[in-house]
>>> print(open('query24.cif').read())   # mmCIF, C-alpha atoms
data_work
loop_
_atom_site.label_atom_id
_atom_site.label_comp_id
_atom_site.auth_asym_id
_atom_site.auth_seq_id
_atom_site.Cartn_x
_atom_site.Cartn_y
_atom_site.Cartn_z
CA MET A 1 11.81 32.76 -41.40
CA SER A 2 10.16 31.19 -44.40
CA LYS A 3 8.89 28.47 -42.06
CA PHE A 4 7.06 31.06 -39.98
CA VAL A 5 5.49 32.53 -43.11
CA LEU A 6 4.38 29.09 -44.27
CA VAL A 7 2.89 28.25 -40.88
CA GLY A 8 1.15 31.60 -40.74
CA VAL A 9 -0.36 31.24 -44.18
CA SER A 10 -1.51 27.70 -43.38
CA LEU A 11 -3.13 28.83 -40.16
CA ALA A 12 -4.91 31.66 -41.95
CA LEU A 13 -6.17 29.35 -44.68
CA GLY A 14 -7.30 26.81 -42.12
CA LEU A 15 -9.17 29.36 -40.07
CA GLY A 16 -10.82 30.80 -43.14
CA ALA A 17 -11.92 27.40 -44.40
CA GLY A 18 -13.17 26.51 -40.94
CA ILE A 19 -15.26 29.63 -40.63
CA LEU A 20 -16.71 29.09 -44.11
CA LEU A 21 -17.60 25.46 -43.39
CA ASP A 22 -19.03 26.36 -40.02
CA ARG A 23 -21.35 28.89 -41.62
CA ASN A 24 -22.51 26.33 -44.14
CA VAL A 25 -23.27 23.73 -41.49
CA HIS A 26 -25.10 26.03 -39.11
CA SER A 27 -26.94 28.25 -41.56
CA PRO A 28 -30.71 27.67 -41.65
CA SER A 29 -31.74 25.13 -44.24
CA GLN A 30 -35.38 26.14 -44.54
CA GLY A 31 -34.73 29.68 -45.66
CA SER A 32 -37.61 31.10 -47.64
CA GLY A 33 -36.96 31.69 -51.28
CA ALA A 34 -33.85 29.53 -51.29
CA THR A 35 -32.54 28.84 -54.74
CA GLU A 36 -31.92 25.19 -55.42
CA LEU A 37 -28.62 24.66 -57.08
CA SER A 38 -26.15 21.85 -57.21
CA ALA A 39 -22.58 22.41 -56.18
CA ASP A 40 -21.54 23.28 -59.70
CA GLY A 41 -24.31 25.81 -60.06
CA VAL A 42 -26.51 23.60 -62.22
CA VAL A 43 -30.15 23.16 -61.33
CA PRO A 44 -30.30 19.67 -59.78
CA SER A 45 -32.31 16.85 -61.20
CA ALA A 46 -35.78 16.30 -59.83
CA PRO A 47 -34.82 13.80 -57.11
CA LEU A 48 -32.19 16.17 -55.77
CA GLN A 49 -34.36 19.26 -55.78
CA GLY A 50 -35.12 20.18 -52.21
CA VAL A 51 -32.00 18.42 -50.98
CA MET A 52 -29.46 21.11 -51.79
CA ALA A 53 -30.19 24.77 -51.32
CA THR A 54 -28.24 27.98 -51.15
CA THR A 55 -28.95 30.48 -48.48
CA GLY A 56 -26.98 33.63 -48.86
CA SER A 57 -23.48 32.58 -49.69
CA GLY A 58 -23.67 29.04 -48.28
CA VAL A 59 -24.89 25.76 -49.73
CA THR A 60 -27.06 23.85 -47.31
CA LEU A 61 -28.12 20.25 -47.14
CA ASP A 62 -31.68 19.46 -46.17
CA LEU A 63 -31.64 15.95 -44.68
CA ALA A 64 -35.38 15.36 -44.79
CA PRO A 65 -35.58 14.73 -48.54
CA ILE A 66 -32.50 12.52 -48.37
CA ARG A 67 -34.11 10.46 -45.65
CA ALA A 68 -37.30 10.22 -47.67
CA MET A 69 -35.35 9.02 -50.69
CA VAL A 70 -33.52 6.42 -48.60
CA ARG A 71 -36.83 5.20 -47.19
CA GLU A 72 -38.30 4.94 -50.67
CA GLU A 73 -35.30 3.04 -51.98
CA LEU A 74 -35.32 0.66 -49.00
CA ALA A 75 -39.03 0.05 -49.40
CA ALA A 76 -38.56 -0.65 -53.09
CA ALA A 77 -35.66 -3.00 -52.40
CA LEU A 78 -37.60 -4.84 -49.72
CA SER A 79 -40.60 -5.26 -52.00
CA ARG A 80 -38.34 -6.90 -54.57
CA ALA A 81 -36.78 -9.26 -52.01
CA PRO A 82 -37.82 -12.95 -52.00
CA GLY A 83 -40.57 -13.63 -49.49
CA ALA A 84 -41.89 -10.09 -49.62
CA GLY A 85 -45.56 -9.75 -48.86
CA VAL A 86 -45.67 -12.62 -46.40
CA GLN A 87 -48.39 -12.08 -43.85
CA ALA A 88 -47.52 -10.66 -40.51
CA GLY A 89 -47.19 -13.23 -37.79
CA SER A 90 -45.42 -15.84 -39.81
CA SER A 91 -41.70 -16.09 -40.18
CA SER A 92 -40.02 -15.90 -43.56
CA PRO A 93 -40.74 -19.13 -45.37
CA PRO A 94 -37.96 -20.85 -47.22
CA ALA A 95 -37.73 -20.11 -50.90
CA GLU A 96 -39.95 -22.71 -52.41
CA VAL A 97 -41.14 -23.59 -55.83
CA SER A 98 -43.69 -26.34 -56.16
CA SER A 99 -42.61 -28.90 -58.68
CA ALA A 100 -46.21 -29.96 -59.18
CA SER A 101 -47.69 -29.07 -62.53
CA PRO A 102 -50.54 -26.58 -62.70
CA GLN A 103 -52.86 -29.48 -63.43
CA GLN A 104 -51.64 -31.37 -60.36
CA GLN A 105 -52.13 -28.29 -58.26
CA GLN A 106 -55.61 -27.81 -59.61
CA ASP A 107 -56.40 -31.44 -58.89
CA ALA A 108 -55.15 -31.01 -55.33
CA ILE A 109 -57.33 -27.93 -54.83
CA GLN A 110 -60.35 -29.79 -56.12
CA ALA A 111 -59.56 -32.77 -53.93
CA ILE A 112 -59.42 -30.54 -50.85
CA SER A 113 -62.72 -28.94 -51.84
CA GLY A 114 -64.20 -32.41 -52.13
CA LEU A 115 -62.96 -33.32 -48.67
CA MET A 116 -64.63 -30.29 -47.18
CA GLU A 117 -67.88 -30.62 -49.06
CA GLY A 118 -68.72 -33.76 -47.15
CA GLY A 119 -69.32 -31.67 -44.03
CA ASN A 120 -67.50 -34.17 -41.88
CA TRP A 121 -63.81 -33.89 -41.07
CA GLY A 122 -62.40 -37.12 -39.78
CA ASN A 123 -59.07 -38.89 -39.74
CA ASP A 124 -59.28 -39.87 -43.41
CA GLU A 125 -60.00 -36.33 -44.49
CA ARG A 126 -57.16 -35.03 -42.39
CA ALA A 127 -54.69 -37.51 -43.83
CA SER A 128 -55.76 -36.75 -47.37
CA PHE A 129 -55.57 -33.04 -46.70
CA HIS A 130 -51.97 -33.38 -45.54
CA GLN A 131 -51.05 -35.25 -48.69
CA GLN A 132 -52.64 -32.68 -50.93
CA LEU A 133 -50.87 -29.79 -49.22
CA GLY A 134 -47.56 -30.91 -50.64
CA GLN A 135 -48.83 -30.32 -54.17
CA LEU A 136 -49.65 -26.70 -53.59
CA ASP A 137 -47.54 -23.60 -53.79
CA PRO A 138 -47.38 -21.40 -50.69
CA GLN A 139 -50.24 -19.14 -51.74
CA GLN A 140 -52.50 -22.05 -52.60
CA ARG A 141 -51.60 -23.78 -49.36
CA GLU A 142 -52.38 -20.69 -47.35
CA ALA A 143 -55.74 -20.37 -49.09
CA ALA A 144 -56.57 -24.03 -48.48
CA MET A 145 -55.69 -23.89 -44.80
CA GLN A 146 -57.55 -20.67 -44.31
CA ARG A 147 -60.63 -22.11 -45.96
CA LEU A 148 -60.45 -25.20 -43.79
CA VAL A 149 -59.97 -23.40 -40.50
CA GLN A 150 -62.77 -20.99 -41.27
CA ALA A 151 -65.10 -23.86 -42.09
CA ILE A 152 -64.20 -25.49 -38.77
CA ASN A 153 -64.56 -22.34 -36.72
CA SER A 154 -67.87 -21.43 -38.31
CA GLY A 155 -69.24 -24.86 -37.52
CA ASN A 156 -69.82 -25.70 -41.18
CA LEU A 157 -67.45 -28.60 -40.88
CA ARG A 158 -67.99 -31.14 -38.14
CA VAL A 159 -64.68 -32.18 -36.67
CA ALA A 160 -64.45 -35.88 -35.90
CA THR A 161 -60.72 -36.42 -35.90
CA ALA A 162 -58.88 -38.26 -33.19
CA GLY A 163 -56.93 -35.25 -32.04
CA ALA A 164 -56.18 -32.06 -33.94
CA PRO A 165 -58.25 -31.51 -37.08
CA PHE A 166 -55.26 -30.57 -39.20
CA MET B 1 -61.43 -60.63 11.17
CA ASN B 2 -61.21 -60.55 7.37
CA LYS B 3 -63.68 -57.67 7.25
CA PHE B 4 -61.47 -55.73 9.58
CA LYS B 5 -58.41 -56.29 7.38
CA ILE B 6 -60.26 -55.25 4.26
CA ALA B 7 -61.57 -52.11 5.90
CA ALA B 8 -58.11 -51.26 7.19
CA ALA B 9 -56.56 -51.76 3.76
CA ALA B 10 -59.23 -49.59 2.14
CA THR B 11 -58.65 -46.86 4.67
CA VAL B 12 -54.90 -46.92 4.13
CA GLY B 13 -55.46 -46.86 0.37
CA LEU B 14 -57.69 -43.83 0.61
CA LEU B 15 -55.19 -42.03 2.77
CA LEU B 16 -52.37 -42.79 0.34
CA GLN B 17 -54.48 -41.56 -2.57
CA ALA B 18 -55.24 -38.33 -0.78
CA HIS B 19 -51.56 -37.89 -0.11
CA ALA B 20 -50.67 -38.54 -3.76
CA PHE B 21 -52.99 -35.78 -4.94
CA ALA B 22 -52.07 -33.20 -2.36
CA GLY B 23 -51.15 -29.76 -3.62
CA VAL B 24 -52.94 -27.00 -5.43
CA TYR B 25 -55.03 -28.00 -8.39
CA THR B 26 -56.33 -25.39 -10.78
CA GLY B 27 -56.83 -27.48 -13.88
CA SER B 28 -59.58 -26.22 -16.16
CA SER B 29 -61.50 -27.79 -18.96
CA VAL B 30 -61.68 -26.21 -22.39
CA THR B 31 -63.08 -22.74 -22.86
CA VAL B 32 -63.76 -21.43 -26.34
CA SER B 33 -64.70 -17.80 -26.67
CA GLY B 34 -64.66 -16.12 -30.05
CA SER B 35 -61.15 -16.43 -31.42
CA THR B 36 -59.60 -17.58 -28.17
CA ALA B 37 -59.39 -20.97 -26.51
CA SER B 38 -57.78 -22.36 -23.40
CA GLY B 39 -57.73 -25.38 -21.18
CA SER B 40 -55.64 -27.86 -19.26
CA VAL B 41 -54.67 -31.06 -20.98
CA TYR B 42 -55.17 -33.25 -17.92
CA ALA B 43 -58.47 -31.74 -16.81
CA THR B 44 -59.80 -31.96 -20.32
CA ARG B 45 -58.74 -35.53 -20.82
CA PHE B 46 -60.32 -36.70 -17.59
CA SER B 47 -63.40 -34.55 -17.67
CA SER B 48 -66.74 -36.29 -17.69
CA ASP B 49 -67.79 -35.09 -21.12
CA THR B 50 -66.71 -36.92 -24.23
CA ARG B 51 -66.32 -33.97 -26.58
CA ALA B 52 -63.74 -31.67 -25.12
CA GLY B 53 -60.19 -31.64 -26.33
CA ILE B 54 -57.30 -29.25 -26.71
CA GLY B 55 -53.86 -29.44 -28.27
CA CYS B 56 -51.51 -28.29 -30.94
CA TYR B 57 -50.25 -30.06 -34.01
CA LEU B 58 -46.95 -29.70 -35.80
CA GLY B 59 -46.90 -30.73 -39.42
CA ALA B 60 -43.95 -30.93 -41.80
CA TYR B 61 -43.74 -32.07 -45.38
CA VAL B 62 -41.72 -31.53 -48.50
CA THR B 63 -43.14 -30.21 -51.70
CA ASN B 64 -44.39 -32.84 -54.10
CA ALA B 65 -43.09 -35.65 -51.90
CA ASP B 66 -39.57 -34.73 -52.98
CA ILE B 67 -37.42 -35.86 -50.06
CA THR B 68 -34.34 -34.27 -51.62
CA ASN B 69 -35.99 -30.91 -51.12
CA THR B 70 -34.46 -29.72 -47.88
CA SER B 71 -36.77 -26.75 -47.51
CA ALA B 72 -39.41 -28.66 -45.59
CA ASN B 73 -42.58 -26.79 -44.87
CA VAL B 74 -43.71 -26.62 -41.28
CA TYR B 75 -47.01 -25.54 -39.93
CA LEU B 76 -48.49 -25.36 -36.49
CA SER B 77 -52.17 -25.66 -35.76
CA CYS B 78 -53.89 -25.46 -32.41
CA SER B 79 -57.41 -26.58 -31.80
CA ALA B 80 -59.80 -26.74 -28.90
CA THR B 81 -63.32 -28.09 -28.54
CA ASN B 82 -65.41 -27.37 -25.48
CA SER B 83 -67.99 -29.63 -23.89
CA ALA B 84 -70.72 -28.08 -26.02
CA GLY B 85 -68.88 -29.08 -29.16
CA THR B 86 -67.76 -25.61 -30.17
CA THR B 87 -64.37 -25.69 -31.82
CA TYR B 88 -61.82 -22.99 -32.42
CA SER B 89 -58.74 -23.68 -34.50
CA CYS B 90 -55.93 -21.54 -35.80
CA TYR B 91 -52.72 -22.17 -37.67
CA VAL B 92 -49.38 -20.66 -38.60
CA ASN B 93 -47.39 -21.57 -41.67
CA ASN B 94 -43.66 -21.73 -40.99
CA PRO B 95 -44.06 -20.60 -37.38
CA PRO B 96 -41.27 -18.97 -35.37
CA ALA B 97 -38.93 -21.52 -33.84
CA VAL B 98 -40.04 -20.61 -30.33
CA TRP B 99 -43.61 -21.54 -31.18
CA VAL B 100 -42.46 -24.93 -32.37
CA THR B 101 -40.56 -25.42 -29.12
CA MET B 102 -43.60 -24.41 -27.10
CA ALA B 103 -45.94 -26.71 -28.97
CA ALA B 104 -43.51 -29.59 -28.67
CA SER B 105 -43.34 -29.07 -24.92
CA ILE B 106 -47.06 -29.63 -24.35
CA ASN B 107 -47.77 -32.57 -22.08
CA GLU B 108 -50.21 -33.68 -19.41
CA VAL B 109 -49.27 -30.89 -17.00
CA SER B 110 -49.80 -28.21 -19.63
CA TRP B 111 -52.32 -25.46 -19.72
CA ILE B 112 -52.72 -24.03 -23.21
CA TYR B 113 -54.06 -20.70 -24.30
CA PHE B 114 -54.13 -19.53 -27.90
CA TYR B 115 -55.88 -16.94 -29.97
CA GLY B 116 -56.02 -15.83 -33.54
CA ASP B 117 -57.69 -13.60 -36.06
CA ALA B 118 -60.90 -14.08 -38.00
CA GLN B 119 -59.00 -15.79 -40.80
CA GLY B 120 -57.75 -18.44 -38.42
CA HIS B 121 -54.15 -17.28 -38.17
CA CYS B 122 -52.75 -17.91 -34.73
CA GLN B 123 -51.57 -14.69 -33.18
CA GLY B 124 -50.59 -15.90 -29.75
CA LEU B 125 -49.75 -19.13 -28.00
CA ASN B 126 -49.15 -19.61 -24.30
CA VAL B 127 -48.15 -22.88 -22.74
CA GLU B 128 -47.77 -23.38 -19.01
CA GLN B 129 -46.31 -26.48 -17.42
CA ASN B 130 -47.39 -26.53 -13.81
CA SER B 131 -48.18 -29.04 -11.12
CA ASN B 132 -51.42 -27.10 -10.62
CA ASN B 133 -52.70 -28.66 -13.78
CA LEU B 134 -52.22 -32.26 -12.74
#
>>> encode(input="query24.cif", output="structure tokens")
Amino acid sequence: MSKFVLVGVSLALGLGAGILLDRNVHSPSQGSGATELSADGVVPSAPLQGVMATTGSGVTLDLAPIRAMVREELAAALSRAPGAGVQAGSSSPPAEVSSASPQQQQDAIQAISGLMEGGNWGNDERASFHQQLGQLDPQQREAAMQRLVQAINSGNLRVATAGAPF
Amino acid sequence: MNKFKIAAAATVGLLLQAHAFAGVYTGSSVTVSGSTASGSVYATRFSSDTRAGIGCYLGAYVTNADITNTSANVYLSCSATNSAGTTYSCYVNNPPAVWVTMAASINEVSWIYFYGDAQGHCQGLNVEQNSNNL
């Protein structure tokens, strides 16, 4: 007999909990004038405001702010990742730190400028350019290559290499 | 009699040559238009002008000539010059592996088409290997 009572009470509790949860899940989350409270009745911190809201007797979850927070966190994490900010169209470069000193890098930049100032881009200039590239860090290298290709495409630099200019 | 033999040999030679070059040929010399360029390697090489050229270059080097540095830098550059001397070049630092494969596959039966942005970054590369180009 006591088993029947226990089963009956359990069923009643289960049904009651189910109905309550069902109301919470399906109740409208954008109710006007909803009071924002955390589960323990405390006003939530700023990031959580707008996420949790009570409508009538139920506590609702608004997924939009959560998604926005996740997007913000992912964006922040990605911006901190190595290789962030690499231009579109190029694959992720390997982590690289130039062991050349700042002075060596500056010398390389000046050497490349000198190569281009001649107005003629031949095999010697190309070979020297390749050697100087190894002294530069990725940003400097990108700038040097961009400057060279723009000079070639604009016609300011006459290409006289046997084959590709760079 | 000798004249007859020579004429016969020349005729046979011409016929054999015609046979060797049978098939569709659509090779094209270099075209440069804005930030795009295209052309067939074979047609460009054997064109009558002495300026035109087209191809891609793969470069690799280690930073500061440190051969123990295994993170070699790779770049790809493609360049084309038409018969008027107009050149368009573009490049990609650390290009996708498929681009490297494509550039490495270029040979005399290739037709190449590439384009880039105003800064000279390659944005597209197409390589066709086809008997049409030979």
>>> resolve_selection(input="query24.cif", expression="the PyMOL selection byres ((chain B and resi 86-95) around 6)", output="list in words")
Ser90, Ser91, Pro93 and Asn153 of chain A; Val74, Tyr75, Leu76, Ser77, Cys78, Ser79, Ala80, Thr81, Asn82, Ala84, Gly85, Pro96, Gly120, His121 and Cys122 of chain B
>>> atom_distance(input="query24.cif", atom1="atom CA of B:Ala104", atom2="atom CA of A:Gly134")
22.4 Å
>>> closest_residue(input="query24.cif", among="A:Leu157, A:Ile109, A:Met116, A:Ile152", to="chain B", atoms="all atoms listed in the file")
A:Ile152
>>> residues_around(input="query24.cif", residues="A:Asn120", least_positions_apart="2", cutoff="9 Å", atoms="only C-alpha atoms", output="PyMOL selection string")
chain A and resi 115-118+122+125+156-160
>>> closest_residue(input="query24.cif", among="A:Gln140, A:Gln150, A:Ser101, A:Thr161", to="chain B", atoms="all atoms listed in the file")
A:Gln150
>>> atom_distance(input="query24.cif", atom1="atom CA of B:Asn107", atom2="atom CA of A:Ala151")
27.9 Å
>>> resolve_selection(input="query24.cif", expression="the PyMOL selection byres ((chain A and resi 141) around 12)", output="tab-separated table (two decimals) with C-alpha atoms, keeping the file's coordinate frame")
chain	number	residue	atom	x	y	z
A	98	SER	CA	-43.69	-26.34	-56.16
A	105	GLN	CA	-52.13	-28.29	-58.26
A	106	GLN	CA	-55.61	-27.81	-59.61
A	108	ALA	CA	-55.15	-31.01	-55.33
A	109	ILE	CA	-57.33	-27.93	-54.83
A	112	ILE	CA	-59.42	-30.54	-50.85
A	129	PHE	CA	-55.57	-33.04	-46.70
A	130	HIS	CA	-51.97	-33.38	-45.54
A	131	GLN	CA	-51.05	-35.25	-48.69
A	132	GLN	CA	-52.64	-32.68	-50.93
A	133	LEU	CA	-50.87	-29.79	-49.22
A	134	GLY	CA	-47.56	-30.91	-50.64
A	135	GLN	CA	-48.83	-30.32	-54.17
A	136	LEU	CA	-49.65	-26.70	-53.59
A	137	ASP	CA	-47.54	-23.60	-53.79
A	138	PRO	CA	-47.38	-21.40	-50.69
A	139	GLN	CA	-50.24	-19.14	-51.74
A	140	GLN	CA	-52.50	-22.05	-52.60
A	142	GLU	CA	-52.38	-20.69	-47.35
A	143	ALA	CA	-55.74	-20.37	-49.09
A	144	ALA	CA	-56.57	-24.03	-48.48
A	145	MET	CA	-55.69	-23.89	-44.80
A	146	GLN	CA	-57.55	-20.67	-44.31
A	147	ARG	CA	-60.63	-22.11	-45.96
A	148	LEU	CA	-60.45	-25.20	-43.79
B	63	THR	CA	-43.14	-30.21	-51.70
B	73	ASN	CA	-42.58	-26.79	-44.87
B	74	VAL	CA	-43.71	-26.62	-41.28
B	75	TYR	CA	-47.01	-25.54	-39.93
B	91	TYR	CA	-52.72	-22.17	-37.67
B	92	VAL	CA	-49.38	-20.66	-38.60
B	93	ASN	CA	-47.39	-21.57	-41.67
B	94	ASN	CA	-43.66	-21.73	-40.99
